[in-house]
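Here's coords_5.cif, which has mmCIF, C-alpha atoms:
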```cif
data_coords
#
loop_
_atom_site.label_atom_id
_atom_site.label_comp_id
_atom_site.auth_asym_id
_atom_site.auth_seq_id
_atom_site.Cartn_x
_atom_site.Cartn_y
_atom_site.Cartn_z
CA MET A 1 -38.89 -28.04 -31.04
CA LYS A 2 -39.29 -27.29 -34.75
CA PRO A 3 -37.18 -29.18 -37.29
CA ALA A 4 -34.81 -27.31 -39.59
CA PRO A 5 -36.13 -26.81 -43.14
CA PHE A 6 -35.90 -29.71 -45.57
CA GLU A 7 -37.19 -30.84 -48.95
CA TYR A 8 -39.74 -33.62 -49.08
CA ALA A 9 -39.94 -36.31 -51.74
CA ARG A 10 -42.19 -39.31 -52.05
CA PRO A 11 -40.79 -41.80 -54.58
CA SER A 12 -43.26 -44.26 -56.07
CA ASP A 13 -41.09 -47.37 -55.82
CA LEU A 14 -37.94 -48.73 -54.25
CA GLY A 15 -35.82 -48.14 -57.34
CA GLU A 16 -36.68 -44.46 -57.37
CA ALA A 17 -36.07 -44.19 -53.61
CA CYS A 18 -32.61 -45.76 -53.98
CA ALA A 19 -31.77 -43.46 -56.88
CA MET A 20 -32.71 -40.44 -54.75
CA LEU A 21 -30.61 -41.71 -51.87
CA ALA A 22 -27.65 -42.37 -54.16
CA ALA A 23 -27.87 -38.75 -55.34
CA GLY A 24 -26.63 -37.85 -51.87
CA ASP A 25 -27.52 -34.29 -50.91
CA ASP A 26 -27.76 -35.15 -47.21
CA ALA A 27 -30.94 -37.15 -47.74
CA ARG A 28 -32.55 -39.47 -45.23
CA LEU A 29 -35.31 -42.02 -45.50
CA ILE A 30 -38.45 -41.57 -43.47
CA ALA A 31 -41.20 -44.15 -42.99
CA GLY A 32 -43.08 -43.95 -39.67
CA GLY A 33 -40.82 -41.18 -38.41
CA GLN A 34 -41.26 -42.17 -34.77
CA SER A 35 -37.49 -42.15 -34.12
CA LEU A 36 -36.34 -39.69 -36.77
CA VAL A 37 -38.85 -36.87 -36.21
CA PRO A 38 -37.99 -36.42 -32.49
CA LEU A 39 -34.31 -36.23 -33.50
CA MET A 40 -35.22 -33.63 -36.11
CA ALA A 41 -37.37 -31.69 -33.63
CA MET A 42 -34.39 -31.51 -31.28
CA ARG A 43 -32.19 -30.73 -34.30
CA LEU A 44 -29.94 -33.67 -33.54
CA ALA A 45 -30.74 -34.66 -37.12
CA ARG A 46 -30.90 -32.04 -39.88
CA PRO A 47 -31.41 -33.84 -43.18
CA LYS A 48 -31.67 -31.56 -46.21
CA ARG A 49 -34.06 -33.93 -47.89
CA LEU A 50 -36.56 -36.48 -46.59
CA ILE A 51 -37.39 -39.42 -48.84
CA ASP A 52 -40.72 -40.84 -47.69
CA ILE A 53 -40.94 -44.60 -48.29
CA ALA A 54 -43.95 -45.21 -46.04
CA ARG A 55 -46.32 -45.85 -48.95
CA ILE A 56 -44.09 -48.03 -51.13
CA SER A 57 -46.20 -51.18 -51.15
CA GLU A 58 -43.36 -53.56 -52.08
CA LEU A 59 -41.75 -52.78 -48.71
CA ALA A 60 -44.74 -53.68 -46.52
CA PHE A 61 -45.40 -57.42 -46.23
CA VAL A 62 -45.15 -60.45 -43.98
CA ARG A 63 -44.52 -63.79 -45.61
CA GLN A 64 -43.25 -67.24 -44.84
CA GLU A 65 -40.32 -68.39 -46.97
CA HIS A 66 -38.83 -71.86 -46.40
CA GLU A 67 -37.68 -71.94 -42.77
CA CYS A 68 -37.99 -68.18 -42.32
CA VAL A 69 -40.46 -65.37 -41.88
CA VAL A 70 -39.61 -62.31 -43.96
CA ILE A 71 -41.03 -58.94 -42.95
CA GLY A 72 -40.88 -55.88 -45.19
CA ALA A 73 -39.05 -52.89 -43.72
CA THR A 74 -42.01 -50.50 -43.70
CA THR A 75 -44.43 -52.97 -42.14
CA ARG A 76 -45.94 -51.05 -39.27
CA GLN A 77 -45.53 -52.31 -35.72
CA CYS A 78 -49.30 -52.29 -35.12
CA VAL A 79 -49.69 -54.66 -38.08
CA LEU A 80 -47.09 -57.06 -36.67
CA GLU A 81 -48.81 -56.88 -33.30
CA CYS A 82 -51.89 -58.64 -34.70
CA GLU A 83 -50.23 -60.71 -37.44
CA GLY A 84 -50.95 -64.43 -37.06
CA ILE A 85 -47.78 -65.61 -38.81
CA VAL A 86 -45.65 -63.57 -36.42
CA ARG A 87 -47.48 -64.96 -33.40
CA THR A 88 -47.05 -68.59 -34.44
CA ALA A 89 -43.69 -68.54 -36.22
CA VAL A 90 -41.73 -65.73 -34.51
CA PRO A 91 -43.35 -65.66 -31.06
CA LEU A 92 -40.50 -63.68 -29.51
CA LEU A 93 -41.18 -60.80 -31.90
CA ALA A 94 -44.89 -60.95 -31.09
CA LYS A 95 -44.05 -60.95 -27.39
CA VAL A 96 -42.09 -57.66 -27.48
CA MET A 97 -44.52 -55.69 -29.66
CA PRO A 98 -46.63 -54.30 -26.78
CA PHE A 99 -43.44 -52.98 -25.13
CA ILE A 100 -42.60 -50.69 -28.07
CA GLY A 101 -43.64 -47.14 -27.15
CA HIS A 102 -47.42 -46.90 -26.99
CA ALA A 103 -50.24 -47.76 -29.39
CA ALA A 104 -49.96 -44.27 -30.91
CA ILE A 105 -46.28 -44.90 -31.68
CA ARG A 106 -46.86 -48.41 -33.04
CA SER A 107 -49.57 -47.21 -35.39
CA ARG A 108 -46.92 -45.28 -37.36
CA GLY A 109 -43.62 -46.89 -36.34
CA THR A 110 -42.16 -49.53 -38.65
CA ILE A 111 -39.97 -52.56 -38.04
CA GLY A 112 -37.29 -51.29 -40.43
CA GLY A 113 -37.32 -47.82 -38.90
CA SER A 114 -36.69 -49.22 -35.44
CA LEU A 115 -33.81 -51.36 -36.76
CA ALA A 116 -32.25 -48.60 -38.88
CA ASN A 117 -32.34 -46.09 -36.03
CA ALA A 118 -30.59 -48.61 -33.76
CA ASP A 119 -31.48 -47.43 -30.31
CA PRO A 120 -29.24 -49.63 -28.15
CA VAL A 121 -32.10 -51.06 -26.07
CA ALA A 122 -34.84 -51.11 -28.73
CA GLU A 123 -36.95 -54.25 -28.46
CA ILE A 124 -37.03 -55.19 -32.16
CA ALA A 125 -33.24 -54.87 -32.47
CA LEU A 126 -32.79 -57.11 -29.44
CA VAL A 127 -35.09 -59.77 -30.92
CA ALA A 128 -33.32 -59.60 -34.29
CA VAL A 129 -29.93 -60.16 -32.65
CA THR A 130 -31.20 -62.81 -30.21
CA LEU A 131 -32.79 -64.91 -32.95
CA GLY A 132 -29.96 -64.37 -35.43
CA ALA A 133 -32.09 -62.52 -37.99
CA THR A 134 -30.74 -61.28 -41.33
CA LEU A 135 -31.30 -57.74 -42.60
CA LEU A 136 -31.81 -57.21 -46.32
CA TYR A 137 -31.05 -53.92 -48.03
CA ARG A 138 -30.68 -52.36 -51.44
CA ASN A 139 -27.80 -50.03 -52.22
CA GLY A 140 -28.26 -48.40 -55.61
CA ARG A 141 -29.17 -51.40 -57.77
CA VAL A 142 -27.44 -53.99 -55.63
CA ASN A 143 -29.30 -56.19 -53.15
CA ALA A 144 -27.28 -57.27 -50.14
CA GLU A 145 -27.79 -58.73 -46.70
CA ILE A 146 -26.12 -58.58 -43.30
CA ALA A 147 -26.47 -60.54 -40.07
CA ALA A 148 -28.24 -58.61 -37.31
CA SER A 149 -25.25 -59.17 -35.02
CA ASP A 150 -23.01 -57.36 -37.54
CA PHE A 151 -25.56 -54.66 -38.32
CA PHE A 152 -25.56 -52.83 -35.00
CA VAL A 153 -22.34 -50.94 -34.37
CA GLY A 154 -23.19 -48.64 -31.46
CA PRO A 155 -25.91 -46.29 -30.19
CA MET A 156 -27.84 -45.05 -33.26
CA MET A 157 -25.07 -46.44 -35.48
CA THR A 158 -25.36 -49.30 -37.95
CA ALA A 159 -23.27 -50.88 -40.68
CA LEU A 160 -25.91 -49.88 -43.26
CA PRO A 161 -24.28 -47.81 -46.04
CA THR A 162 -25.64 -44.25 -46.04
CA THR A 163 -27.00 -44.69 -49.56
CA ALA A 164 -28.76 -47.98 -48.76
CA CYS A 165 -32.42 -48.67 -48.01
CA LEU A 166 -33.29 -51.45 -45.59
CA THR A 167 -35.87 -53.56 -47.44
CA ALA A 168 -36.73 -56.49 -45.17
CA VAL A 169 -35.79 -58.60 -42.15
CA ARG A 170 -35.60 -62.38 -42.25
CA PHE A 171 -36.26 -64.21 -38.99
CA PRO A 172 -35.36 -67.90 -38.67
CA VAL A 173 -38.29 -70.08 -37.58
CA TRP A 174 -37.68 -72.77 -34.97
CA ARG A 175 -39.50 -75.96 -35.91
CA ASP A 176 -39.18 -77.62 -32.50
CA ALA A 177 -42.45 -78.89 -31.03
CA ARG A 178 -42.04 -77.22 -27.63
CA ILE A 179 -40.99 -73.57 -27.82
CA GLY A 180 -41.34 -70.84 -25.23
CA VAL A 181 -40.31 -67.20 -25.19
CA GLY A 182 -39.61 -64.68 -22.47
CA PHE A 183 -39.04 -60.93 -22.49
CA GLN A 184 -38.30 -58.67 -19.56
CA GLU A 185 -37.35 -55.02 -19.38
CA VAL A 186 -37.08 -52.26 -16.84
CA SER A 187 -37.90 -48.68 -17.78
CA ALA A 188 -38.76 -45.51 -15.90
CA ARG A 189 -42.32 -45.48 -17.31
CA GLY A 190 -44.25 -47.88 -19.51
CA GLY A 191 -43.45 -47.09 -23.14
CA ASP A 192 -40.14 -45.40 -22.39
CA PHE A 193 -36.91 -46.83 -23.72
CA ALA A 194 -35.68 -49.55 -21.40
CA LEU A 195 -32.74 -49.11 -19.07
CA ALA A 196 -32.05 -52.81 -19.58
CA ALA A 197 -33.87 -55.66 -21.32
CA ALA A 198 -33.50 -59.39 -21.92
CA ALA A 199 -35.08 -61.74 -24.46
CA ALA A 200 -35.00 -65.53 -24.50
CA GLN A 201 -36.32 -68.32 -26.69
CA VAL A 202 -36.11 -71.92 -25.48
CA ALA A 203 -36.90 -75.23 -27.18
CA LEU A 204 -37.43 -78.29 -24.98
CA ASP A 205 -37.39 -81.99 -25.73
CA GLU A 206 -39.99 -84.45 -24.41
CA ASP A 207 -38.25 -84.69 -21.04
CA GLY A 208 -38.10 -80.96 -20.45
CA ILE A 209 -34.41 -80.70 -21.29
CA CYS A 210 -33.35 -77.57 -23.18
CA ARG A 211 -32.57 -78.47 -26.75
CA ARG A 212 -31.86 -74.91 -27.90
CA VAL A 213 -31.54 -71.66 -25.97
CA ALA A 214 -31.23 -68.21 -27.54
CA LEU A 215 -30.58 -65.37 -25.11
CA GLY A 216 -29.95 -61.69 -25.74
CA VAL A 217 -29.63 -58.60 -23.57
CA GLY A 218 -29.98 -54.90 -24.19
CA ALA A 219 -27.92 -52.77 -21.80
CA ALA A 220 -24.76 -51.96 -23.74
CA ALA A 221 -24.09 -49.80 -26.81
CA ARG A 222 -25.75 -52.44 -29.00
CA PRO A 223 -27.89 -55.52 -28.38
CA LEU A 224 -25.84 -58.57 -27.42
CA ARG A 225 -26.52 -62.22 -28.13
CA LEU A 226 -25.09 -64.42 -25.37
CA ASP A 227 -24.08 -67.48 -27.35
CA ALA A 228 -21.90 -69.06 -24.65
CA ALA A 229 -24.68 -68.79 -22.08
CA GLY A 230 -27.18 -70.29 -24.50
CA SER A 231 -24.93 -73.27 -25.25
CA ALA A 232 -24.15 -73.78 -21.56
CA LEU A 233 -27.88 -74.17 -20.85
CA GLU A 234 -28.51 -76.67 -23.62
CA GLY A 235 -28.91 -80.17 -22.24
CA THR A 236 -30.05 -78.84 -18.84
CA HIS A 237 -33.40 -78.20 -17.17
CA ALA A 238 -32.42 -74.53 -16.79
CA GLU A 239 -32.46 -74.65 -13.00
CA GLU A 240 -32.46 -71.11 -11.64
CA ALA A 241 -29.15 -71.31 -9.77
CA HIS A 242 -27.39 -72.63 -12.84
CA VAL A 243 -28.96 -70.04 -15.12
CA ARG A 244 -27.94 -67.26 -12.75
CA GLU A 245 -24.35 -68.48 -12.68
CA VAL A 246 -24.17 -68.82 -16.47
CA VAL A 247 -25.73 -65.37 -17.07
CA HIS A 248 -23.51 -63.79 -14.44
CA THR A 249 -20.43 -65.10 -16.22
CA ALA A 250 -21.71 -64.03 -19.62
CA LEU A 251 -22.38 -60.46 -18.48
CA ALA A 252 -19.22 -60.03 -16.41
CA ASP A 253 -17.27 -58.54 -19.30
CA ILE A 254 -19.87 -56.45 -21.12
CA GLU A 255 -19.66 -52.67 -21.00
CA PRO A 256 -23.12 -51.37 -20.13
CA LEU A 257 -24.15 -47.83 -20.98
CA SER A 258 -24.05 -45.29 -18.20
CA ASP A 259 -26.01 -42.04 -17.98
CA LEU A 260 -27.92 -39.99 -15.46
CA HIS A 261 -30.81 -42.48 -15.52
CA ALA A 262 -28.79 -45.54 -14.55
CA SER A 263 -25.16 -46.40 -13.88
CA ALA A 264 -23.32 -49.11 -15.80
CA GLU A 265 -23.27 -51.29 -12.67
CA TYR A 266 -27.04 -50.92 -12.21
CA ARG A 267 -27.61 -51.86 -15.83
CA ARG A 268 -25.40 -54.94 -15.46
CA ARG A 269 -27.23 -56.10 -12.32
CA ALA A 270 -30.60 -55.43 -13.92
CA ALA A 271 -29.59 -57.25 -17.11
CA ILE A 272 -28.54 -60.31 -15.10
CA SER A 273 -31.85 -60.46 -13.22
CA LEU A 274 -33.89 -59.78 -16.35
CA ALA A 275 -32.03 -62.49 -18.30
CA VAL A 276 -32.66 -65.03 -15.52
CA ARG A 277 -36.35 -64.13 -15.51
CA ALA A 278 -36.62 -64.18 -19.31
CA ILE A 279 -35.15 -67.70 -19.40
CA ALA A 280 -37.49 -68.81 -16.61
CA ASP A 281 -40.50 -67.37 -18.47
CA ALA A 282 -39.43 -69.00 -21.72
CA TYR A 283 -38.83 -72.36 -20.02
CA ARG A 284 -42.18 -72.25 -18.26
CA ALA A 285 -43.98 -71.32 -21.47
CA ALA A 286 -42.26 -74.13 -23.39
CA ALA A 287 -43.02 -76.64 -20.63
CA GLY A 288 -46.67 -75.57 -20.78
CA THR A 289 -46.89 -76.60 -24.42
CA HIS A 290 -46.44 -80.26 -23.42
CA ALA A 291 -49.41 -82.45 -24.28
CA ARG A 292 -50.77 -83.29 -20.85
CA MET B 1 -45.80 -27.74 -51.00
CA ARG B 2 -49.44 -28.59 -51.68
CA VAL B 3 -51.29 -31.13 -49.58
CA ASP B 4 -54.93 -32.19 -49.40
CA LEU B 5 -55.97 -33.06 -45.86
CA THR B 6 -59.23 -34.74 -44.94
CA VAL B 7 -60.06 -33.64 -41.42
CA ASN B 8 -63.32 -34.51 -39.67
CA GLY B 9 -64.86 -35.36 -43.01
CA ALA B 10 -63.92 -32.15 -44.86
CA THR B 11 -61.06 -31.93 -47.36
CA HIS B 12 -58.79 -28.91 -47.32
CA ALA B 13 -56.24 -27.99 -49.98
CA LEU B 14 -53.29 -26.35 -48.27
CA GLU B 15 -49.91 -24.95 -49.20
CA VAL B 16 -47.45 -25.83 -46.42
CA GLU B 17 -43.75 -25.92 -45.74
CA PRO B 18 -42.59 -29.58 -45.61
CA ARG B 19 -41.33 -29.12 -42.06
CA MET B 20 -44.75 -28.09 -40.74
CA SER B 21 -46.02 -30.81 -38.42
CA LEU B 22 -49.53 -32.11 -38.79
CA LEU B 23 -50.12 -30.67 -35.32
CA ASP B 24 -49.10 -27.13 -36.29
CA CYS B 25 -51.05 -27.43 -39.52
CA LEU B 26 -54.23 -28.43 -37.69
CA ARG B 27 -53.82 -25.66 -35.15
CA GLU B 28 -52.49 -22.78 -37.20
CA ARG B 29 -53.93 -23.39 -40.64
CA LEU B 30 -57.21 -25.13 -39.91
CA LEU B 31 -57.71 -23.46 -36.50
CA LEU B 32 -58.49 -26.81 -34.92
CA THR B 33 -56.84 -26.01 -31.62
CA GLY B 34 -58.11 -29.06 -29.74
CA ALA B 35 -54.91 -30.92 -30.58
CA HIS B 36 -52.48 -29.49 -28.06
CA ALA B 37 -48.75 -28.89 -28.39
CA GLY B 38 -46.96 -30.28 -25.34
CA CYS B 39 -43.49 -31.71 -25.73
CA GLU B 40 -43.44 -31.69 -29.55
CA HIS B 41 -41.26 -34.78 -29.66
CA GLY B 42 -43.70 -37.62 -29.18
CA VAL B 43 -43.55 -38.17 -25.45
CA CYS B 44 -46.52 -36.41 -23.84
CA GLY B 45 -49.36 -37.44 -26.16
CA ALA B 46 -51.21 -34.10 -25.90
CA CYS B 47 -51.24 -33.82 -29.71
CA THR B 48 -52.89 -37.22 -30.31
CA VAL B 49 -55.33 -37.36 -33.24
CA LEU B 50 -56.87 -40.30 -35.06
CA LEU B 51 -55.55 -41.35 -38.45
CA ASP B 52 -57.95 -43.79 -40.08
CA GLY B 53 -59.22 -44.40 -36.56
CA ALA B 54 -55.82 -45.19 -35.02
CA PRO B 55 -54.25 -42.84 -32.47
CA VAL B 56 -51.08 -41.08 -33.69
CA ARG B 57 -48.86 -38.29 -32.43
CA SER B 58 -49.59 -35.37 -34.75
CA CYS B 59 -46.28 -33.77 -33.70
CA LEU B 60 -44.38 -36.76 -35.14
CA MET B 61 -45.93 -36.50 -38.56
CA PHE B 62 -45.47 -33.82 -41.17
CA ALA B 63 -48.60 -32.39 -42.76
CA VAL B 64 -47.23 -33.33 -46.19
CA GLN B 65 -47.31 -37.01 -45.10
CA ALA B 66 -50.94 -36.92 -44.07
CA ASP B 67 -52.82 -36.70 -47.38
CA GLY B 68 -55.23 -39.50 -48.13
CA TYR B 69 -55.87 -40.38 -44.50
CA ASP B 70 -59.09 -39.83 -42.65
CA ILE B 71 -57.98 -37.50 -39.82
CA THR B 72 -60.20 -37.06 -36.76
CA THR B 73 -59.56 -34.39 -34.15
CA ILE B 74 -61.48 -33.78 -30.95
CA GLU B 75 -63.60 -31.25 -32.86
CA GLY B 76 -64.91 -34.12 -35.00
CA LEU B 77 -65.97 -36.45 -32.24
CA ALA B 78 -69.29 -35.01 -31.11
CA PRO B 79 -72.35 -36.20 -33.08
CA GLY B 80 -73.59 -32.61 -33.60
CA PRO B 81 -73.17 -28.99 -32.51
CA GLY B 82 -73.72 -28.60 -28.78
CA GLU B 83 -73.63 -32.35 -28.23
CA LEU B 84 -71.03 -34.60 -26.66
CA SER B 85 -69.84 -38.05 -27.58
CA PRO B 86 -70.53 -40.69 -24.90
CA ILE B 87 -66.87 -40.55 -23.92
CA GLN B 88 -66.86 -36.76 -23.61
CA ASP B 89 -70.05 -37.01 -21.57
CA ALA B 90 -68.49 -39.59 -19.27
CA PHE B 91 -65.40 -37.39 -18.80
CA CYS B 92 -67.70 -34.58 -17.63
CA GLU B 93 -69.71 -36.83 -15.37
CA ALA B 94 -66.73 -38.58 -13.74
CA HIS B 95 -64.77 -35.31 -13.78
CA GLY B 96 -61.94 -36.96 -15.71
CA MET B 97 -59.91 -33.76 -15.94
CA GLN B 98 -58.52 -30.81 -14.09
CA CYS B 99 -56.65 -28.29 -16.20
CA GLY B 100 -57.90 -29.89 -19.42
CA TYR B 101 -54.67 -29.72 -21.37
CA CYS B 102 -54.39 -33.49 -21.88
CA THR B 103 -58.14 -34.01 -22.16
CA PRO B 104 -58.79 -33.89 -25.95
CA ALA B 105 -56.01 -36.43 -26.50
CA MET B 106 -57.24 -38.58 -23.62
CA VAL B 107 -60.74 -38.64 -25.11
CA LEU B 108 -59.42 -39.58 -28.57
CA THR B 109 -57.17 -42.27 -27.09
CA ALA B 110 -60.16 -43.65 -25.19
CA HIS B 111 -62.26 -43.48 -28.36
CA ALA B 112 -59.75 -45.58 -30.30
CA LEU B 113 -59.52 -48.05 -27.42
CA LEU B 114 -63.28 -48.53 -27.13
CA VAL B 115 -63.82 -48.91 -30.87
CA ASN B 116 -61.42 -51.86 -30.89
CA ASN B 117 -62.24 -53.18 -27.46
CA PRO B 118 -65.75 -52.36 -26.20
CA ALA B 119 -65.16 -54.08 -22.85
CA PRO B 120 -61.63 -53.21 -21.74
CA THR B 121 -60.28 -54.34 -18.40
CA ARG B 122 -58.98 -51.71 -16.00
CA ALA B 123 -55.43 -52.76 -16.93
CA GLN B 124 -56.15 -52.22 -20.62
CA ILE B 125 -57.58 -48.75 -19.93
CA VAL B 126 -54.54 -47.88 -17.82
CA ASP B 127 -52.23 -49.15 -20.55
CA ALA B 128 -54.03 -47.05 -23.18
CA VAL B 129 -53.96 -43.78 -21.22
CA SER B 130 -50.36 -44.34 -20.13
CA ALA B 131 -49.54 -43.02 -23.61
CA ASN B 132 -50.85 -39.60 -22.52
CA LEU B 133 -49.24 -37.63 -19.74
CA CYS B 134 -51.57 -35.99 -17.23
CA ARG B 135 -49.89 -34.06 -14.46
CA CYS B 136 -53.06 -33.04 -12.58
CA THR B 137 -55.46 -35.85 -11.96
CA GLY B 138 -53.40 -38.86 -11.02
CA TYR B 139 -55.45 -40.61 -13.73
CA ALA B 140 -57.99 -42.17 -11.33
CA GLN B 141 -61.02 -40.27 -12.64
CA ILE B 142 -59.86 -40.52 -16.22
CA VAL B 143 -59.81 -44.31 -15.90
CA GLU B 144 -63.23 -44.17 -14.20
CA ALA B 145 -64.60 -42.00 -16.99
CA ILE B 146 -63.45 -44.40 -19.69
CA ALA B 147 -64.87 -47.39 -17.81
CA LEU B 148 -68.17 -45.49 -17.44
CA ALA B 149 -68.21 -44.63 -21.13
CA ALA B 150 -67.50 -48.25 -22.05
CA ASP B 151 -70.38 -49.40 -19.85
CA ARG B 152 -72.75 -46.91 -21.41
CA ILE B 153 -71.73 -47.61 -24.97
CA ARG B 154 -72.32 -51.29 -24.37
CA GLY B 155 -75.80 -50.34 -23.17
CA LEU B 156 -75.27 -51.85 -19.75
CA ASN B 157 -75.72 -48.62 -17.88
CA GLN B 158 -77.76 -46.11 -19.82
CA PRO B 159 -77.97 -42.63 -18.32
CA GLU B 160 -81.31 -42.11 -16.58
CA ARG B 161 -82.38 -39.28 -18.85
CA GLY B 162 -82.04 -41.64 -21.79
CA ARG B 163 -81.95 -40.56 -25.38
#
```

Is it possible to give me this structure as structure tokens?
Amino acid sequence: MKPAPFEYARPSDLGEACAMLAAGDDARLIAGGQSLVPLMAMRLARPKRLIDIARISELAFVRQEHECVVIGATTRQCVLECEGIVRTAVPLLAKVMPFIGHAAIRSRGTIGGSLANADPVAEIALVAVTLGATLLYRNGRVNAEIAASDFFVGPMMTALPTTACLTAVRFPVWRDARIGVGFQEVSARGGDFALAAAAAQVALDEDGICRRVALGVGAAARPLRLDAAGSALEGTHAEEAHVREVVHTALADIEPLSDLHASAEYRRRAAISLAVRAIADAYRAAAGTHAR
Amino acid sequence: MRVDLTVNGATHALEVEPRMSLLDCLRERLLLTGAHAGCEHGVCGACTVLLDGAPVRSCLMFAVQADGYDITTIEGLAPGPGELSPIQDAFCEAHGMQCGYCTPAMVLTAHALLVNNPAPTRAQIVDAVSANLCRCTGYAQIVEAIALAADRIRGLNQPERGR
């Protein structure tokens, strides 16, 4: 469990980090290291050079911009856990924070690191896809962006160019008066990666009718946003039988992962139940925001 | 590669290979063997130390990344030689251990919990120690020990012998 030898560099700003990455030489970025270092310890990853961006201050921030919240890539998960803007403006992200590993992981792990490592059932990736977030990156001297739904390609695989550095994530903020969120996952032990997970955000009108529904599940090779199911629930009260039917249809054609921990069929069944519960939680939470 | 580590209040200038984990550096170079090597990939928690007061896995950090932080290991927790911190004392009294392998990390995890939350619920204690694998105790007495320490630190239940 010892990593292969590597060189270590700590650039002082983003420009220098990108220049080092562009130089190639089998280099990889490290920030919190909570996903990369285990891979290195097991020698599944053997970078020749580690470029440490954890202390680049321009990459660690949380700010509100227009109708969005933008979070710098190296913002640590423990910071997001207690960040007021996240709680009020991106409640679904706040909701999943306690599910990421344990406190000792979140005190080093970063939002960008979780996204860039693209574990198929990682909580932050699921929220990014569910809410339709945008990922910002710099490749050499060029700034670019990509939709979260296009970013994740497969397990531990993303569309990020190998010479690019993820710089920030932009989450859309829902301005509806009555918003609720729900998150459900099943894992072997608390803090382990989930076998399946579901995230939902619901906005209700004055009469308790769903105005907007965003639903995503983690169970397949990458997080999936269930747009058809979301639209089918808009204009309804999200009655359980209807939700179950809609979710069942939406998940009929996905290809869940299968390994010795859980079969594909188990993951599908779990994802259906978790999605139904996540919607119910979100609906209940939104209904509770009504001025009584 | 040179790195300056501040551990338990003392700064050490060290020459290390970049791939040396903070855990191995603490154990092999500074002879602070209270941080234990378990799984060495971030799962078991036996290597937990405090970095600016927050619990971290020292096996998931390279020593060269750790300069400038205030690192606390189990050796730095007691107020003085031959003394115990209130949490260590409570672990002894409630017998919150069997083989002892997970114990230093459990104590540090509990320390970080109680600094931020002096009156944790049982569920919060359970959540905190779930980050650390213990294969002996079944956790019951560890949870009791942390609850006892929390009580004492809050001054609600001072030990009879007093201080």

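Proximity to chain A at a cut-off of 8 Å picks out Pro18, Arg19, Cys39, Glu40, His41, Gly42, Thr48, Ala54, Pro55, Val56, Arg57, Leu60, Met61, Ala128, Ser130 and Ala131 of chain B on chain B, counting only C-alpha atoms.
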
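The list of residues with at least one atom within 10 Å of Arg63 in chain A, based on all atoms listed in the file and without residues fewer than 6 positions apart in the same chain, reads Val69, Val70, Ile71, Gly72, Ile85, Val86 and Arg170 of chain A.
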
Evaluate the PyMOL selection byres ((chain B and resi 119) around 9) on the structure here and hand back the selected residues as a count of residues only.
9

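Among the candidates B:His36, B:Gly68, B:Glu17, B:Leu51, the one nearest to Arg2 in chain B when counting only C-alpha atoms is B:Glu17.
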
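Shell of Ile56 in chain A at 7 Å, with all atoms listed in the file counted and residues fewer than 2 places along the chain excluded, is Ser12, Asp13, Leu14, Ile53, Ala54, Glu58 and Leu59 of chain A.
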
Would you kindly translate the PyMOL selection byres ((chain A and resi 222) around 10) into the concrete residues it picks from this file, as number ranges by chain?
A: 118-122, 125-126, 129, 149, 151-158, 217-221, 223-225, 256-257

Wanna dump the range 40-157 of chain A-range 203-214 of chain A contacts at 12 Å for me, each residue with its shortest atom pair and the distance in Å to one decimal, counting all atoms listed in the file, ordered by chain and number, as a Markdown table?
```
| residue | atom | partner | partner_atom | distance |
| --- | --- | --- | --- | --- |
| A:Leu92 | CA | A:Ala214 | CA | 10.5 |
| A:Leu126 | CA | A:Ala214 | CA | 11.4 |
| A:Val127 | CA | A:Ala214 | CA | 9.9 |
| A:Ala128 | CA | A:Ala214 | CA | 11.1 |
| A:Val129 | CA | A:Ala214 | CA | 9.6 |
| A:Thr130 | CA | A:Ala214 | CA | 6.0 |
| A:Leu131 | CA | A:Ala214 | CA | 6.5 |
| A:Gly132 | CA | A:Ala214 | CA | 8.9 |
| A:Ala133 | CA | A:Ala214 | CA | 11.9 |
```

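Interatomic distance, CA of Val62 in chain A against CA of Gly230 in chain A: 28.3 Å.
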
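With only C-alpha atoms as the atoms that count, the residue of B:Ala123, B:Val129, B:Leu77, B:Ala90 with the shortest distance to Leu50 in chain B is B:Leu77.
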
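Applied to this file, the PyMOL selection byres ((chain A and resi 251) around 10) selects the residues Val217, Leu224, Leu226, Ala229, Val246, Val247, His248, Thr249, Ala250, Ala252, Asp253, Ile254, Glu255, Pro256, Arg268, Arg269, Ala271, Ile272 and Ala275 of chain A.
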
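Going from CA of Asp281 in chain A over to CA of Thr75 in chain A, you cover 28.0 Å.
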
One decimal place gives the CA of Ala278 in chain A-CA of Leu115 in chain A separation as 21.8 Å

Taking all atoms of range 67-86 of chain A that the file lists and extending 8 Å past them on each side, where is the centre of the axis-aligned box and how long are its edges? Answer in Å to one decimal, as JSON.
```
{"center_x": -44.8, "center_y": -61.2, "center_z": -39.2, "size_x": 30.2, "size_y": 37.4, "size_z": 27.9}
```

If you count only C-alpha atoms, which residues fall within 12 Å of Glu67 in chain A, apart from same-chain ones fewer than 6 positions away, as a ChimeraX atom specification?
/A:89-90,133,170-176

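When only C-alpha atoms are used to measure the gap to Val7 in chain B, the shortest distance among B:Leu31, B:Ala105, B:Ile71, B:Leu133 belongs to B:Ile71.
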
Find, counting only C-alpha atoms, the residue in A:Ile179, A:Met20, A:Leu44, A:Ala73 that gets nearest to Tyr137 in chain A.
A:Ala73

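Take the candidates B:Met1, B:Cys92, B:Val64, B:Leu23 and check each one against Ala46 in chain B using only C-alpha atoms; the shortest distance goes to B:Leu23.
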
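If you count all atoms listed in the file and draw a sphere of 12 Å around (-49.3, -62.7, -27.3), the protein and nucleic acid residues inside it come out as A:Leu80, A:Glu81, A:Cys82, A:Glu83, A:Gly84, A:Ile85, A:Val86, A:Arg87, A:Thr88, A:Val90, A:Pro91, A:Leu92, A:Leu93, A:Ala94, A:Lys95, A:Val96, A:Met97, A:Pro98, A:Phe99, A:Gly180, A:Val181, A:Gly182, A:Phe183, A:Ala285.
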